[in-house]
$ cat run-v9.cif   # mmCIF, C-alpha atoms
data_start
loop_
_atom_site.label_atom_id
_atom_site.label_comp_id
_atom_site.auth_asym_id
_atom_site.auth_seq_id
_atom_site.Cartn_x
_atom_site.Cartn_y
_atom_site.Cartn_z
CA MET A 139 0.00 0.00 0.00
CA LYS A 140 2.80 2.38 1.00
CA LEU A 141 4.77 1.49 -2.15
CA LYS A 142 1.69 2.18 -4.30
CA LEU A 143 1.21 5.56 -2.60
CA ARG A 144 4.88 6.40 -3.10
CA ASN A 145 4.64 5.48 -6.81
CA ASN A 146 1.51 7.64 -7.16
CA ASN A 147 3.31 10.58 -5.54
CA LYS A 148 6.29 10.10 -7.84
CA PHE A 149 4.00 9.94 -10.89
CA LEU A 150 2.18 13.12 -9.80
CA ARG A 151 5.46 14.95 -9.24
CA ILE A 152 6.73 13.99 -12.70
CA PHE A 153 3.37 14.89 -14.26
CA PHE A 154 3.28 18.34 -12.63
CA THR A 155 6.92 19.06 -13.53
CA PHE A 156 6.29 18.11 -17.15
CA SER A 157 3.02 20.13 -17.21
CA ILE A 158 4.72 23.25 -15.89
CA PHE A 159 7.47 22.84 -18.47
CA LEU A 160 4.92 22.53 -21.30
CA ILE A 161 2.95 25.53 -20.03
CA GLY A 162 6.16 27.56 -20.06
CA ILE A 163 6.87 26.56 -23.66
CA VAL A 164 3.29 27.37 -24.76
CA VAL A 165 3.36 30.76 -23.01
CA GLY A 166 6.73 31.55 -24.57
CA ILE A 167 5.49 30.68 -28.08
CA ALA A 168 2.27 32.63 -27.54
CA ILE A 169 4.09 35.74 -26.35
CA ARG A 170 6.52 35.61 -29.24
CA HIS A 171 3.80 34.97 -31.81
CA TYR A 172 1.08 37.42 -30.71
CA TYR A 173 3.02 40.27 -29.17
CA ASN A 174 5.75 42.21 -30.78
CA ILE A 175 8.12 42.40 -27.84
CA PRO A 176 11.58 43.61 -28.69
CA LEU A 177 14.05 40.89 -27.72
CA SER A 178 17.76 41.23 -27.52
CA GLN A 179 19.70 39.10 -29.96
CA GLU A 180 22.63 38.85 -27.58
CA ILE A 181 22.85 36.18 -24.89
CA ASN A 182 23.57 37.59 -21.46
CA ILE A 183 25.52 35.06 -19.39
CA VAL A 184 24.23 36.49 -16.08
CA ASP A 185 20.60 36.08 -17.17
CA VAL A 186 21.25 32.52 -18.34
CA ALA A 187 22.92 31.69 -15.01
CA MET A 188 19.98 33.17 -13.10
CA LEU A 189 17.53 31.18 -15.22
CA LEU A 190 19.40 27.92 -14.63
CA THR A 191 19.67 28.62 -10.90
CA THR A 192 15.95 29.36 -10.67
CA VAL A 193 15.04 26.17 -12.52
CA PHE A 194 17.44 24.13 -10.38
CA LEU A 195 15.99 25.51 -7.14
CA ALA A 196 12.43 25.01 -8.37
CA VAL A 197 13.17 21.32 -8.89
CA TYR A 198 15.61 20.72 -6.00
CA VAL A 199 13.68 22.29 -3.13
CA PRO A 200 10.44 20.34 -3.52
CA SER A 201 12.00 17.03 -4.47
CA VAL A 202 15.00 16.77 -2.15
CA LEU A 203 14.49 19.09 0.81
CA ASP A 204 10.79 18.25 1.24
CA ARG A 205 11.65 14.56 1.20
CA GLN A 206 14.31 15.06 3.88
CA MET A 207 11.86 17.01 6.04
CA GLN A 208 9.25 14.27 5.61
CA VAL A 209 11.77 11.62 6.68
CA MET A 210 12.55 13.62 9.85
CA ARG A 211 8.81 14.05 10.54
CA ASP A 212 8.24 10.32 10.10
CA LYS A 213 11.06 9.47 12.51
CA GLY A 214 9.64 11.93 15.02
CA ASN A 215 6.18 10.36 14.65
CA VAL A 216 7.55 6.89 15.42
CA ILE A 217 9.22 8.18 18.60
CA GLU A 218 6.07 10.08 19.60
CA GLN A 219 4.01 6.92 19.17
CA ARG A 220 6.43 4.92 21.36
CA ILE A 221 6.33 7.56 24.09
CA VAL A 222 2.52 7.62 24.05
CA GLU A 223 2.47 3.80 24.30
CA PHE A 224 4.92 4.02 27.22
CA GLN A 225 2.64 6.51 28.97
CA GLY A 226 -0.29 4.14 28.46
CA LEU A 227 1.66 1.31 30.10
CA ILE A 228 2.61 3.35 33.15
CA ARG A 229 -1.03 4.45 33.46
CA ARG A 230 -2.20 0.81 33.44
CA ILE A 231 0.17 0.00 36.29
CA ASN A 232 -1.10 3.04 38.18
CA LEU A 233 -4.73 1.92 37.81
CA ILE A 234 -3.95 -1.60 39.04
CA VAL A 235 -2.02 -0.35 42.10
CA GLN A 236 -4.56 2.33 42.99
CA SER A 237 -7.30 -0.31 43.23
CA GLY A 238 -5.64 -1.25 46.54
CA VAL A 239 -6.11 -5.02 46.60
CA VAL A 240 -4.51 -6.93 43.74
CA ASN A 241 -5.03 -10.65 43.10
CA TYR A 242 -2.33 -13.09 41.93
CA GLU A 243 -2.92 -12.34 38.22
CA GLY A 244 -2.82 -8.61 38.94
CA CYS A 245 0.56 -9.00 40.67
CA LEU A 246 1.88 -10.91 37.65
CA SER A 247 0.51 -8.16 35.40
CA ILE A 248 2.33 -5.48 37.42
CA ASN A 249 5.63 -7.38 37.12
CA ASN A 250 5.06 -7.96 33.40
CA LEU A 251 4.09 -4.33 32.74
CA LEU A 252 7.16 -3.09 34.65
CA ASP A 253 9.38 -5.28 32.42
CA ILE A 254 7.60 -4.04 29.28
CA CYS A 255 8.03 -0.40 30.43
CA ASP A 256 11.77 -0.95 30.88
CA HIS A 257 12.11 -2.45 27.41
CA ARG A 258 9.92 0.22 25.84
CA LEU A 259 12.05 2.92 27.46
CA GLU A 260 15.21 1.32 26.05
CA THR A 261 13.58 1.29 22.61
CA ILE A 262 12.81 5.00 22.95
CA VAL A 263 16.42 5.71 23.96
CA THR A 264 17.70 3.77 20.93
CA LEU A 265 15.32 5.57 18.56
CA LEU A 266 16.33 8.94 19.99
CA SER A 267 20.01 8.13 19.51
CA TYR A 268 19.35 7.48 15.80
CA TYR A 269 17.07 10.50 15.52
CA ASP A 270 19.34 13.07 17.14
CA LYS A 271 23.04 12.35 17.41
CA SER A 272 23.69 15.30 19.74
CA ASP A 273 22.20 13.63 22.87
CA SER A 274 20.07 16.68 23.56
CA TYR A 275 17.42 14.43 25.15
CA LYS A 276 19.78 12.87 27.67
CA GLN A 277 18.59 14.91 30.65
CA GLU A 278 14.90 14.09 30.09
CA ILE A 279 15.64 10.41 29.49
CA ASN A 280 17.74 10.19 32.66
CA LYS A 281 14.88 11.69 34.69
CA VAL A 282 12.39 9.19 33.30
CA LYS A 283 14.80 6.30 33.92
CA ALA A 284 15.42 7.39 37.53
CA PHE A 285 11.71 7.63 38.30
CA CYS A 286 11.04 4.27 36.61
CA LYS A 287 13.79 2.65 38.67
CA LYS A 288 12.27 3.96 41.91
CA ARG A 289 8.84 2.78 40.85
CA ARG A 290 10.19 -0.67 39.97
CA GLU A 291 11.87 -0.94 43.39
CA LEU A 292 8.55 -0.07 45.01
CA LEU A 293 6.27 -2.37 42.99
CA PHE A 294 8.23 -5.32 41.60
CA MET A 295 7.59 -8.58 43.48
CA GLU A 296 10.33 -11.23 43.35
CA GLN A 297 8.00 -13.82 44.88
CA VAL A 298 4.41 -13.20 43.88
CA PRO A 299 2.10 -14.24 46.74
CA GLN A 300 -0.65 -16.70 45.76
CA GLU A 301 -3.25 -14.70 47.69
CA GLY A 302 -2.28 -11.46 45.93
CA LYS A 303 -1.16 -8.22 47.57
CA LYS A 304 -2.80 -5.37 49.40
CA PHE A 305 -1.04 -2.05 48.84
CA THR A 306 -0.96 0.26 51.83
CA LYS A 307 -2.06 3.87 51.57
CA GLU A 308 1.59 5.00 51.82
CA GLU A 309 2.62 2.68 48.98
CA ARG A 310 -0.27 3.89 46.81
CA ASP A 311 0.53 7.54 47.54
CA HIS A 312 4.21 7.01 46.77
CA GLU A 313 3.33 5.13 43.56
CA GLU A 314 0.94 7.92 42.53
CA GLU A 315 3.67 10.51 43.08
CA LEU A 316 6.16 8.48 41.02
CA TYR A 317 3.57 7.96 38.29
CA ASN A 318 2.95 11.71 38.07
CA GLN A 319 6.70 12.43 37.87
CA ILE A 320 7.20 9.84 35.13
CA ASP A 321 4.20 11.16 33.23
CA ARG A 322 5.42 14.76 33.52
CA SER A 323 8.99 13.90 32.45
CA SER A 324 7.88 11.74 29.53
CA SER A 325 5.42 14.46 28.43
CA LEU A 326 8.27 16.98 28.41
CA LEU A 327 10.30 14.53 26.34
CA LEU A 328 7.35 14.13 23.95
CA PHE A 329 7.02 17.91 23.74
CA LYS A 330 10.71 18.26 22.92
CA VAL A 331 10.59 15.55 20.24
CA ASN A 332 7.46 17.10 18.76
CA ASP A 333 9.15 20.51 18.60
CA ILE A 334 11.66 19.32 16.02
#
$ encode --input "run-v9.cif" --output "structure tokens"
Amino acid sequence: MKLKLRNNNKFLRIFFTFSIFLIGIVVGIAIRHYYNIPLSQEINIVDVAMLLTTVFLAVYVPSVLDRQMQVMRDKGNVIEQRIVEFQGLIRRINLIVQSGVVNYEGCLSINNLLDICDHRLETIVTLLSYYDKSDSYKQEINKVKAFCKKRRELLFMEQVPQEGKKFTKEERDHEEELYNQIDRSSSLLLFKVNDI
């Protein structure tokens, strides 16, 4: 589907370029034929250079620079999507913990979601390293990692009890605070990625 769309875009670009070229020829013939405009018989090298530069820029800017900008936008969209998915995962953990009493399956879900969050965060870090080689996101990523580590230490259960777990009010409050900090830091990271 994507290949078909790309071929259609390429065909349209070639069609429009050829159409503009033909329109230019027709207008030039019409002006020369119907109007008696005095034209210089000498060729001015500066005018020819300006004409060639204008034509080059008219073709180069849309075809090359727009494509490069689209590639950067697409990379940014992939990273944005991963960050939004990460935020959804941390929210699911928050909802499970805030229910207070969690059964055995809920405890397994918390452990599983914490592992998935760690892996998703590593994926985001890898994508950001390919997206921006200057490490300008390092501070935001380190904040998110630190909060996730604290949250993992609070919630991860090495031995999951068969009867489940009841989270105390202090544990729920601490988890809520960590959730809010992770959400805020990852939203700032999303904002920064979206800015470029």
$ resolve_selection --input "run-v9.cif" --expression "the PyMOL selection byres ((chain A and resi 277) around 12)" --output "ChimeraX atom specification"
/A:263,273-276,278-284,323-324,326-327,330
$ closest_residue --input "run-v9.cif" --among "A:Val202, A:Cys245, A:Cys286, A:Ile161" --to "Pro299 of chain A" --atoms "all atoms listed in the file"
A:Cys245
$ atom_distance --input "run-v9.cif" --atom1 "atom CA of Ile320 of chain A" --atom2 "atom CA of Arg258 of chain A"
13.6 Å
$ closest_residue --input "run-v9.cif" --among "A:Tyr269, A:Phe224, A:Phe294, A:Phe285" --to "Asn250 of chain A" --atoms "all atoms listed in the file"
A:Phe294
$ residues_around --input "run-v9.cif" --residues "Glu218 of chain A" --least-positions-apart "6" --cutoff "8 Å" --atoms "all atoms listed in the file" --output "list of chain:residue names"
A:Leu328, A:Val331, A:Asn332
$ residues_near_point --input "run-v9.cif" --point "(0.9, -12.5, 35.5)" --cutoff "12 Å" --atoms "all atoms listed in the file" --output "JSON list (two decimals) with C-alpha atoms, keeping the file's coordinate frame"
[["chain", "number", "residue", "atom", "x", "y", "z"],
["A", 240, "VAL", "CA", -4.51, -6.93, 43.74],
["A", 241, "ASN", "CA", -5.03, -10.65, 43.10],
["A", 242, "TYR", "CA", -2.33, -13.09, 41.93],
["A", 243, "GLU", "CA", -2.92, -12.34, 38.22],
["A", 244, "GLY", "CA", -2.82, -8.61, 38.94],
["A", 245, "CYS", "CA", 0.56, -9.00, 40.67],
["A", 246, "LEU", "CA", 1.88, -10.91, 37.65],
["A", 247, "SER", "CA", 0.51, -8.16, 35.40],
["A", 248, "ILE", "CA", 2.33, -5.48, 37.42],
["A", 249, "ASN", "CA", 5.63, -7.38, 37.12],
["A", 250, "ASN", "CA", 5.06, -7.96, 33.40],
["A", 251, "LEU", "CA", 4.09, -4.33, 32.74],
["A", 252, "LEU", "CA", 7.16, -3.09, 34.65],
["A", 253, "ASP", "CA", 9.38, -5.28, 32.42],
["A", 294, "PHE", "CA", 8.23, -5.32, 41.60],
["A", 295, "MET", "CA", 7.59, -8.58, 43.48],
["A", 297, "GLN", "CA", 8.00, -13.82, 44.88],
["A", 298, "VAL", "CA", 4.41, -13.20, 43.88],
["A", 299, "PRO", "CA", 2.10, -14.24, 46.74],
["A", 300, "GLN", "CA", -0.65, -16.70, 45.76],
["A", 302, "GLY", "CA", -2.28, -11.46, 45.93]]
$ resolve_selection --input "run-v9.cif" --expression "the PyMOL selection byres ((chain A and resi 312) around 12)" --output "ChimeraX atom specification"
/A:232,235-236,285,288-293,305-311,313-319
$ atom_distance --input "run-v9.cif" --atom1 "atom CA of Ala196 of chain A" --atom2 "atom CA of Ile158 of chain A"
10.9 Å
$ atom_distance --input "run-v9.cif" --atom1 "atom CA of Ile217 of chain A" --atom2 "atom CA of Tyr198 of chain A"
28.3 Å
$ residues_around --input "run-v9.cif" --residues "Thr261 of chain A" --least-positions-apart "5" --cutoff "9 Å" --atoms "all atoms listed in the file" --output "list in words"
Arg220, Asp256 and Leu266 of chain A
$ closest_residue --input "run-v9.cif" --among "A:Ile234, A:Ile152, A:Ile183, A:Leu160" --to "Val197 of chain A" --atoms "only C-alpha atoms"
A:Ile152
$ closest_residue --input "run-v9.cif" --among "A:Asp321, A:Asp333, A:Glu296, A:Asp212" --to "Gly226 of chain A" --atoms "only C-alpha atoms"
A:Asp321
$ decode --input "run-v9.cif" --residues "segment 199-323 of chain A" --atoms "C-alpha atoms" --output "short mmCIF file (atom, residue, chain, number, x, y, z; two decimals), in the first residue's frame"
data_model
loop_
_atom_site.label_atom_id
_atom_site.label_comp_id
_atom_site.auth_asym_id
_atom_site.auth_seq_id
_atom_site.Cartn_x
_atom_site.Cartn_y
_atom_site.Cartn_z
CA VAL A 199 13.68 22.29 -3.13
CA PRO A 200 10.44 20.34 -3.52
CA SER A 201 12.00 17.03 -4.47
CA VAL A 202 15.00 16.77 -2.15
CA LEU A 203 14.49 19.09 0.81
CA ASP A 204 10.79 18.25 1.24
CA ARG A 205 11.65 14.56 1.20
CA GLN A 206 14.31 15.06 3.88
CA MET A 207 11.86 17.01 6.04
CA GLN A 208 9.25 14.27 5.61
CA VAL A 209 11.77 11.62 6.68
CA MET A 210 12.55 13.62 9.85
CA ARG A 211 8.81 14.05 10.54
CA ASP A 212 8.24 10.32 10.10
CA LYS A 213 11.06 9.47 12.51
CA GLY A 214 9.64 11.93 15.02
CA ASN A 215 6.18 10.36 14.65
CA VAL A 216 7.55 6.89 15.42
CA ILE A 217 9.22 8.18 18.60
CA GLU A 218 6.07 10.08 19.60
CA GLN A 219 4.01 6.92 19.17
CA ARG A 220 6.43 4.92 21.36
CA ILE A 221 6.33 7.56 24.09
CA VAL A 222 2.52 7.62 24.05
CA GLU A 223 2.47 3.80 24.30
CA PHE A 224 4.92 4.02 27.22
CA GLN A 225 2.64 6.51 28.97
CA GLY A 226 -0.29 4.14 28.46
CA LEU A 227 1.66 1.31 30.10
CA ILE A 228 2.61 3.35 33.15
CA ARG A 229 -1.03 4.45 33.46
CA ARG A 230 -2.20 0.81 33.44
CA ILE A 231 0.17 0.00 36.29
CA ASN A 232 -1.10 3.04 38.18
CA LEU A 233 -4.73 1.92 37.81
CA ILE A 234 -3.95 -1.60 39.04
CA VAL A 235 -2.02 -0.35 42.10
CA GLN A 236 -4.56 2.33 42.99
CA SER A 237 -7.30 -0.31 43.23
CA GLY A 238 -5.64 -1.25 46.54
CA VAL A 239 -6.11 -5.02 46.60
CA VAL A 240 -4.51 -6.93 43.74
CA ASN A 241 -5.03 -10.65 43.10
CA TYR A 242 -2.33 -13.09 41.93
CA GLU A 243 -2.92 -12.34 38.22
CA GLY A 244 -2.82 -8.61 38.94
CA CYS A 245 0.56 -9.00 40.67
CA LEU A 246 1.88 -10.91 37.65
CA SER A 247 0.51 -8.16 35.40
CA ILE A 248 2.33 -5.48 37.42
CA ASN A 249 5.63 -7.38 37.12
CA ASN A 250 5.06 -7.96 33.40
CA LEU A 251 4.09 -4.33 32.74
CA LEU A 252 7.16 -3.09 34.65
CA ASP A 253 9.38 -5.28 32.42
CA ILE A 254 7.60 -4.04 29.28
CA CYS A 255 8.03 -0.40 30.43
CA ASP A 256 11.77 -0.95 30.88
CA HIS A 257 12.11 -2.45 27.41
CA ARG A 258 9.92 0.22 25.84
CA LEU A 259 12.05 2.92 27.46
CA GLU A 260 15.21 1.32 26.05
CA THR A 261 13.58 1.29 22.61
CA ILE A 262 12.81 5.00 22.95
CA VAL A 263 16.42 5.71 23.96
CA THR A 264 17.70 3.77 20.93
CA LEU A 265 15.32 5.57 18.56
CA LEU A 266 16.33 8.94 19.99
CA SER A 267 20.01 8.13 19.51
CA TYR A 268 19.35 7.48 15.80
CA TYR A 269 17.07 10.50 15.52
CA ASP A 270 19.34 13.07 17.14
CA LYS A 271 23.04 12.35 17.41
CA SER A 272 23.69 15.30 19.74
CA ASP A 273 22.20 13.63 22.87
CA SER A 274 20.07 16.68 23.56
CA TYR A 275 17.42 14.43 25.15
CA LYS A 276 19.78 12.87 27.67
CA GLN A 277 18.59 14.91 30.65
CA GLU A 278 14.90 14.09 30.09
CA ILE A 279 15.64 10.41 29.49
CA ASN A 280 17.74 10.19 32.66
CA LYS A 281 14.88 11.69 34.69
CA VAL A 282 12.39 9.19 33.30
CA LYS A 283 14.80 6.30 33.92
CA ALA A 284 15.42 7.39 37.53
CA PHE A 285 11.71 7.63 38.30
CA CYS A 286 11.04 4.27 36.61
CA LYS A 287 13.79 2.65 38.67
CA LYS A 288 12.27 3.96 41.91
CA ARG A 289 8.84 2.78 40.85
CA ARG A 290 10.19 -0.67 39.97
CA GLU A 291 11.87 -0.94 43.39
CA LEU A 292 8.55 -0.07 45.01
CA LEU A 293 6.27 -2.37 42.99
CA PHE A 294 8.23 -5.32 41.60
CA MET A 295 7.59 -8.58 43.48
CA GLU A 296 10.33 -11.23 43.35
CA GLN A 297 8.00 -13.82 44.88
CA VAL A 298 4.41 -13.20 43.88
CA PRO A 299 2.10 -14.24 46.74
CA GLN A 300 -0.65 -16.70 45.76
CA GLU A 301 -3.25 -14.70 47.69
CA GLY A 302 -2.28 -11.46 45.93
CA LYS A 303 -1.16 -8.22 47.57
CA LYS A 304 -2.80 -5.37 49.40
CA PHE A 305 -1.04 -2.05 48.84
CA THR A 306 -0.96 0.26 51.83
CA LYS A 307 -2.06 3.87 51.57
CA GLU A 308 1.59 5.00 51.82
CA GLU A 309 2.62 2.68 48.98
CA ARG A 310 -0.27 3.89 46.81
CA ASP A 311 0.53 7.54 47.54
CA HIS A 312 4.21 7.01 46.77
CA GLU A 313 3.33 5.13 43.56
CA GLU A 314 0.94 7.92 42.53
CA GLU A 315 3.67 10.51 43.08
CA LEU A 316 6.16 8.48 41.02
CA TYR A 317 3.57 7.96 38.29
CA ASN A 318 2.95 11.71 38.07
CA GLN A 319 6.70 12.43 37.87
CA ILE A 320 7.20 9.84 35.13
CA ASP A 321 4.20 11.16 33.23
CA ARG A 322 5.42 14.76 33.52
CA SER A 323 8.99 13.90 32.45
#
